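To be precise, the following lines are structure_30.csv, and they hold CSV, C-alpha atoms.
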```csv
chain,number,residue,atom,x,y,z
A,1342,MET,CA,193.4,175.0,291.4
A,1343,SER,CA,190.1,176.8,291.8
A,1344,ALA,CA,186.9,174.8,292.2
A,1345,LEU,CA,184.5,174.4,289.3
A,1346,VAL,CA,181.6,175.3,291.6
A,1347,ARG,CA,182.3,177.9,294.2
A,1348,ILE,CA,179.5,178.9,296.6
A,1349,ARG,CA,179.9,181.5,299.4
A,1350,ASP,CA,177.4,182.6,302.1
A,1351,LEU,CA,174.5,181.4,300.0
A,1352,HIS,CA,171.0,182.3,301.3
A,1353,LYS,CA,167.6,181.5,299.8
A,1354,THR,CA,164.5,182.8,301.4
A,1355,TYR,CA,160.9,182.4,300.4
A,1356,ARG,CA,157.8,184.3,301.6
A,1357,ARG,CA,154.6,182.5,302.4
A,1358,GLY,CA,152.1,185.2,303.3
A,1359,PRO,CA,153.5,187.0,306.3
A,1360,GLU,CA,155.9,184.1,307.0
A,1361,GLN,CA,159.6,184.1,305.9
A,1362,ILE,CA,161.1,180.7,305.2
A,1363,ASP,CA,164.9,180.5,305.2
A,1364,VAL,CA,165.6,177.4,303.0
A,1365,LEU,CA,169.4,177.9,302.8
A,1366,LYS,CA,171.4,179.7,305.5
A,1367,GLY,CA,174.8,181.0,304.7
A,1368,LEU,CA,176.0,177.8,302.9
A,1369,ASN,CA,179.6,177.5,301.6
A,1370,LEU,CA,180.6,174.8,299.2
A,1371,ASP,CA,183.3,173.9,296.6
A,1372,ILE,CA,182.9,171.2,294.0
A,1373,ASP,CA,185.9,170.4,291.9
A,1374,ALA,CA,185.8,169.5,288.2
A,1375,GLY,CA,185.3,165.8,287.7
A,1376,GLU,CA,183.6,165.2,291.1
A,1377,PHE,CA,180.4,163.2,291.5
A,1378,VAL,CA,178.6,164.7,294.5
A,1379,ALA,CA,175.5,163.3,296.1
A,1380,LEU,CA,173.2,165.6,298.1
A,1381,MET,CA,171.2,163.9,300.9
A,1382,GLY,CA,169.0,165.1,303.7
A,1383,PRO,CA,165.4,165.0,305.0
A,1384,SER,CA,162.6,166.6,303.0
A,1385,GLY,CA,162.7,170.3,303.4
A,1386,SER,CA,166.5,170.4,304.1
A,1387,GLY,CA,167.2,172.5,301.0
A,1388,LYS,CA,168.6,169.8,298.7
A,1389,THR,CA,166.6,170.6,295.6
A,1390,THR,CA,166.8,174.3,296.2
A,1391,LEU,CA,170.6,174.0,296.2
A,1392,LEU,CA,170.5,171.9,293.1
A,1393,ASN,CA,168.3,174.4,291.3
A,1394,LEU,CA,170.6,177.3,292.3
A,1395,ILE,CA,173.7,175.4,291.0
A,1396,GLY,CA,171.8,174.6,287.8
A,1397,GLY,CA,170.7,178.2,287.3
A,1398,LEU,CA,167.0,177.3,287.5
A,1399,ASP,CA,166.6,179.7,290.5
A,1400,THR,CA,168.4,182.7,291.9
A,1401,PRO,CA,169.7,183.2,295.4
A,1402,SER,CA,168.4,185.8,297.9
A,1403,SER,CA,172.0,186.7,298.7
A,1404,GLY,CA,175.5,185.2,298.4
A,1405,GLU,CA,177.8,184.1,295.5
A,1406,ILE,CA,177.5,181.2,293.0
A,1407,GLU,CA,180.5,181.0,290.7
A,1408,ILE,CA,180.7,178.2,288.1
A,1409,ALA,CA,183.7,177.8,285.9
A,1410,GLY,CA,184.8,181.3,286.8
A,1411,GLN,CA,181.4,183.0,286.1
A,1412,ARG,CA,179.3,184.6,288.7
A,1413,ILE,CA,175.9,183.2,287.7
A,1414,ASP,CA,174.1,185.0,290.6
A,1415,ARG,CA,174.8,188.2,288.7
A,1416,LEU,CA,173.1,187.1,285.5
A,1417,SER,CA,169.7,188.4,284.3
A,1418,SER,CA,167.0,185.8,283.6
A,1419,SER,CA,167.7,185.8,279.9
A,1420,GLN,CA,171.4,185.6,280.4
A,1421,LEU,CA,170.8,182.7,282.9
A,1422,ALA,CA,168.7,180.8,280.3
A,1423,GLN,CA,171.5,181.1,277.7
A,1424,TRP,CA,174.1,180.0,280.3
A,1425,ARG,CA,172.0,176.9,281.2
A,1426,SER,CA,171.7,175.9,277.6
A,1427,ARG,CA,175.5,175.9,277.2
A,1428,HIS,CA,176.6,174.6,280.5
A,1429,VAL,CA,174.1,172.4,282.3
A,1430,GLY,CA,172.5,169.0,281.5
A,1431,PHE,CA,169.4,168.1,283.6
A,1432,VAL,CA,168.2,164.7,284.5
A,1433,PHE,CA,164.9,164.6,286.4
A,1434,GLN,CA,163.0,161.8,288.2
A,1435,PHE,CA,160.2,161.6,285.7
A,1436,TYR,CA,162.3,161.7,282.5
A,1437,ASN,CA,160.4,164.6,280.8
A,1438,LEU,CA,160.6,163.1,277.4
A,1439,MET,CA,158.4,164.3,274.5
A,1440,PRO,CA,156.0,161.4,274.0
A,1441,THR,CA,155.5,162.0,270.2
A,1442,LEU,CA,159.2,162.0,269.4
A,1443,THR,CA,161.6,159.1,269.0
A,1444,ALA,CA,164.5,158.6,271.4
A,1445,LEU,CA,166.8,160.1,268.8
A,1446,LYS,CA,164.6,163.2,268.3
A,1447,ASN,CA,164.3,163.6,272.1
A,1448,VAL,CA,168.1,163.5,272.5
A,1449,GLU,CA,168.5,166.0,269.6
A,1450,LEU,CA,166.2,168.6,271.2
A,1451,PRO,CA,168.8,170.7,273.1
A,1452,LEU,CA,170.9,171.0,269.9
A,1453,LEU,CA,168.1,172.9,268.2
A,1454,LEU,CA,169.3,176.0,270.0
A,1455,THR,CA,172.8,175.6,268.6
A,1456,PRO,CA,174.2,176.6,265.1
A,1457,LEU,CA,174.9,172.9,264.3
A,1458,SER,CA,173.6,171.6,261.0
A,1459,ALA,CA,170.8,169.0,261.0
A,1460,ALA,CA,173.2,166.3,260.0
A,1461,GLN,CA,175.6,167.2,262.8
A,1462,ARG,CA,172.7,167.3,265.4
A,1463,ARG,CA,171.6,163.9,264.3
A,1464,ARG,CA,175.2,162.5,264.5
A,1465,ASN,CA,175.7,163.9,268.0
A,1466,ALA,CA,172.4,162.5,269.2
A,1467,GLU,CA,173.4,159.1,267.8
A,1468,ILE,CA,176.7,159.2,269.6
A,1469,ALA,CA,175.0,160.1,272.9
A,1470,LEU,CA,172.5,157.3,272.5
A,1471,GLU,CA,175.3,154.9,271.8
A,1472,LEU,CA,177.2,156.1,274.9
A,1473,VAL,CA,174.1,155.2,277.1
A,1474,GLY,CA,173.7,151.8,275.4
A,1475,LEU,CA,170.5,152.6,273.4
A,1476,LYS,CA,171.7,152.9,269.8
A,1477,ASP,CA,169.3,150.1,268.9
A,1478,ARG,CA,166.3,152.0,270.4
A,1479,ALA,CA,166.8,155.2,268.5
A,1480,ARG,CA,163.6,154.9,266.5
A,1481,HIS,CA,161.4,153.9,269.6
A,1482,ARG,CA,159.1,156.4,271.2
A,1483,PRO,CA,159.0,156.7,275.1
A,1484,ASN,CA,155.9,154.5,275.5
A,1485,GLU,CA,157.9,151.7,273.7
A,1486,LEU,CA,160.7,151.9,276.3
A,1487,SER,CA,161.0,150.7,279.9
A,1488,GLY,CA,161.4,153.2,282.7
A,1489,GLY,CA,165.2,152.5,282.9
A,1490,GLN,CA,165.6,153.0,279.1
A,1491,GLN,CA,163.6,156.3,279.2
A,1492,GLN,CA,165.9,157.6,281.9
A,1493,ARG,CA,168.9,156.6,279.8
A,1494,VAL,CA,167.5,158.5,276.9
A,1495,ALA,CA,167.0,161.5,279.3
A,1496,ILE,CA,170.7,161.1,280.3
A,1497,ALA,CA,171.7,161.0,276.6
A,1498,ARG,CA,169.7,164.2,276.1
A,1499,ALA,CA,171.5,165.8,279.1
A,1500,ILE,CA,175.0,165.1,277.8
A,1501,VAL,CA,174.5,165.6,274.1
A,1502,SER,CA,175.6,169.3,274.2
A,1503,ASP,CA,178.7,168.3,276.3
A,1504,PRO,CA,177.7,170.4,279.3
A,1505,THR,CA,180.0,171.6,282.1
A,1506,LEU,CA,177.7,170.1,284.8
A,1507,LEU,CA,175.2,167.3,285.0
A,1508,ILE,CA,172.4,168.1,287.5
A,1509,CYS,CA,170.4,165.0,288.6
A,1510,ASP,CA,167.3,165.3,290.8
A,1511,GLU,CA,166.3,161.9,292.2
A,1512,PRO,CA,167.3,160.2,288.9
A,1513,THR,CA,166.4,156.7,290.2
A,1514,GLY,CA,163.4,157.7,292.3
A,1515,ASP,CA,160.9,156.2,289.8
A,1516,LEU,CA,162.9,153.0,288.9
A,1517,ASP,CA,163.0,149.5,290.2
A,1518,ARG,CA,166.2,148.4,291.9
A,1519,GLN,CA,167.9,146.9,288.8
A,1520,SER,CA,167.0,149.7,286.5
A,1521,ALA,CA,168.2,152.2,289.2
A,1522,GLU,CA,171.5,150.3,289.4
A,1523,ASP,CA,172.0,150.4,285.7
A,1524,VAL,CA,171.4,154.2,285.6
A,1525,LEU,CA,173.7,154.8,288.5
A,1526,GLN,CA,176.5,152.8,286.9
A,1527,LEU,CA,176.0,154.8,283.7
A,1528,LEU,CA,176.4,158.1,285.7
A,1529,GLN,CA,179.5,156.6,287.4
A,1530,MET,CA,180.9,155.7,283.9
A,1531,LEU,CA,180.2,159.3,282.6
A,1532,ASN,CA,182.0,160.6,285.7
A,1533,ARG,CA,185.0,158.3,285.7
A,1534,GLU,CA,185.6,157.7,282.1
A,1535,HIS,CA,184.4,161.0,280.5
A,1536,GLY,CA,185.2,163.4,283.4
A,1537,LYS,CA,181.7,164.6,283.8
A,1538,THR,CA,181.0,166.7,286.9
A,1539,ILE,CA,177.8,165.5,288.5
A,1540,VAL,CA,175.7,166.8,291.3
A,1541,MET,CA,172.8,164.5,292.3
A,1542,VAL,CA,170.0,164.8,294.9
A,1543,THR,CA,168.9,161.4,296.3
A,1544,HIS,CA,167.1,159.9,299.3
A,1545,ASP,CA,168.7,156.5,298.6
A,1546,PRO,CA,172.0,155.7,300.4
A,1547,LYS,CA,172.7,153.0,297.8
A,1548,ALA,CA,172.5,155.7,295.1
A,1549,ALA,CA,174.8,158.0,297.1
A,1550,ASP,CA,177.3,155.2,297.3
A,1551,HIS,CA,178.0,155.6,293.6
A,1552,ALA,CA,179.2,159.2,294.2
A,1553,SER,CA,182.7,160.2,295.1
A,1554,ARG,CA,181.4,162.5,297.9
A,1555,THR,CA,178.2,162.8,299.8
A,1556,LEU,CA,177.0,166.0,301.4
A,1557,HIS,CA,174.3,166.0,304.1
A,1558,LEU,CA,172.0,169.0,304.4
A,1559,ASP,CA,169.7,169.7,307.3
A,1560,LYS,CA,167.6,172.8,307.8
A,1561,GLY,CA,169.4,174.7,305.1
A,1562,SER,CA,173.0,174.0,306.3
A,1563,LEU,CA,175.7,171.5,305.5
A,1564,VAL,CA,176.0,169.2,308.4
A,1565,GLU,CA,178.3,166.4,307.1
A,1566,GLN,CA,180.5,165.5,304.2
A,1567,VAL,CA,181.4,161.9,303.5
A,1568,GLU,CA,184.2,160.9,301.1
A,1569,GLN,CA,183.6,157.6,299.3
A,1570,ALA,CA,186.3,155.1,298.6
A,1571,ALA,CA,187.5,155.1,295.0
```

Let me see whether you can do it: turn the structure in this file into structure tokens.
Amino acid sequence: MSALVRIRDLHKTYRRGPEQIDVLKGLNLDIDAGEFVALMGPSGSGKTTLLNLIGGLDTPSSGEIEIAGQRIDRLSSSQLAQWRSRHVGFVFQFYNLMPTLTALKNVELPLLLTPLSAAQRRRNAEIALELVGLKDRARHRPNELSGGQQQRVAIARAIVSDPTLLICDEPTGDLDRQSAEDVLQLLQMLNREHGKTIVMVTHDPKAADHASRTLHLDKGSLVEQVEQAA
């Protein structure tokens, strides 16, 4: 069986004036469908760069990125935007919710790009909110929710279009320990019970413990892989 995410000889280089900065250096990686992978490593190791490349937010300097059989490194910027809207759900550290919209309307946002009817968009958003345990907060705006609840709304928004991949960048970085644990258990449930493939960047070993595999990056290269117990 071929991997869902297949990366070969991946390089990413930035220029800062006359200086060339090699962020990723010939990285090879396979991620199977249904895996929950944590990416760890010191600041500047290339974690977020790798996450952004897998999620189609950035393009490689060279190398191959194939996701669900499609070479996304060959897509134009407009094709990549369309691909992201169909295949990737994003969860960020600071939620990125629209402050003037209710939780339900925030979750519904990605569906505005689809041909679904208004009634179906609303129904799908309600199902996603129920899945993350916030059905009773559908009419609340972000400033009426705790940080943990806002992140759960953000996760509902990420899954409402049933994406191929969930991309999480420090999803617990702004939360207290209990809220962080609640969010991580939710991600684990989406992975184990709903088969969601998750790639998560984190600095927190306790967060990484919820993943099925932890990858350690250092200076643009994979240095270690750790399989977690089921």

Next on the checklist: Please determine, counting only C-alpha atoms, which residue among A:Ala1548, A:Leu1370, A:Leu1563, A:Leu1558 has the shortest atom-to-atom distance to Asp1510 (chain A).
Outcome noted: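 Smallest separation from Asp1510 (chain A) among the options: A:Ala1548.
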
Checklist entry - Of the residues A:Lys1446, A:Lys1353, A:Arg1493, A:Arg1498, which is the one nearest to Val1524 (chain A), using all atoms listed in the file? => result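 Of the candidates, the smallest distance to Val1524 (chain A) is held by A:Arg1493.
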
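Residue nearest Arg1412 (chain A) within the list A:Leu1507, A:Leu1516, A:Leu1345, A:Ile1496: A:Leu1345 [criterion: smallest interatomic distance, only C-alpha atoms].
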
Checklist entry - Residues at most 9 Å from Gln1526 (chain A), counting only C-alpha atoms, excluding those fewer than 5 positions away in the same chain, as a list of chain:residue names? => result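 Counting only C-alpha atoms, the residues come to A:Ala1521, A:Leu1531, A:His1551.
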
Write out as a PDB file with C-alpha atoms, in the coordinates of the input the residues lying within 6 Å of region 1477-1490 of chain A, counting all atoms listed in the file and excluding same-chain residues fewer than 6 positions away.
```pdb
ATOM      1  CA  PRO A1440     156.000 161.400 274.000  1.00  0.00           C
ATOM      2  CA  LEU A1442     159.200 162.000 269.400  1.00  0.00           C
ATOM      3  CA  THR A1443     161.600 159.100 269.000  1.00  0.00           C
ATOM      4  CA  ALA A1444     164.500 158.600 271.400  1.00  0.00           C
ATOM      5  CA  LEU A1445     166.800 160.100 268.800  1.00  0.00           C
ATOM      6  CA  SER A1520     167.000 149.700 286.500  1.00  0.00           C
TER       7      SER A1520
END
```

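Going from CA of Gln1491 (chain A) to CA of Tyr1436 (chain A) covers 6.5 Å.
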
Checklist outcome for this item: Computed gap from CA of Gln1492 (chain A) to CA of Glu1449 (chain A) is 15.1 Å

Checklist entry - Do you know which residues lie at most 10 Å from (165.6, 164.7, 306.0), with coordinates as in the file and only C-alpha atoms counted, and could you write them as a ChimeraX atom specification? => result /A:1381-1388,1544,1557-1560

Next on the checklist: Would you compute the distance between CA of Asp1363 (chain A) and CA of Phe1433 (chain A)? Give it in Å to one decimal.
Outcome noted: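 Rounded to one decimal, the two atoms are 24.6 Å apart.
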
Checklist entry - Within 9 Å of (168.9, 163.7, 270.7), only C-alpha atoms: residues as number ranges by chain? => result A: 1443-1452, 1462-1467, 1469-1470, 1494, 1497-1498, 1501

Next on the checklist: My list of candidates is A:Gly1474, A:Arg1554, A:Asp1503, A:Ile1539. Which is closest to Asp1523 (chain A) when distances are computed with all atoms listed in the file?
Outcome noted: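 Going through A:Gly1474, A:Arg1554, A:Asp1503, A:Ile1539 one by one, the smallest distance to Asp1523 (chain A) is for A:Gly1474.
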
Item to check | Contact residues around Arg1533 (chain A) with only C-alpha atoms at 10 Å, ignoring same-chain residues under 3 positions, as a ChimeraX atom specification | outcome: /A:1375-1377,1527-1530,1536-1538,1553

Item to check | Contacts of Leu1394 (chain A) at 12 Å (all atoms listed in the file; same-chain gap of 4+ positions) as a ChimeraX atom specification | outcome: /A:1346-1348,1351-1353,1364-1365,1368,1387-1390,1398-1408,1412-1414,1421,1425,1429,1508,1540

Item to check | Closest of A:Leu1380, A:Ala1344, A:Thr1543, A:Ala1499 to Ser1562 (chain A) - atom-to-atom distances counting all atoms listed in the file | outcome: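 Ranked by minimum distance to Ser1562 (chain A), first place goes to A:Leu1380.
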
Checklist entry - Given the choices A:Met1439, A:Val1564, A:Ala1379, A:Ala1460, which gets closest to Val1542 (chain A) if the distance is worked out from all atoms listed in the file? => result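 Of A:Met1439, A:Val1564, A:Ala1379, A:Ala1460, the one nearest Val1542 (chain A), counting all atoms listed in the file, is A:Ala1379.
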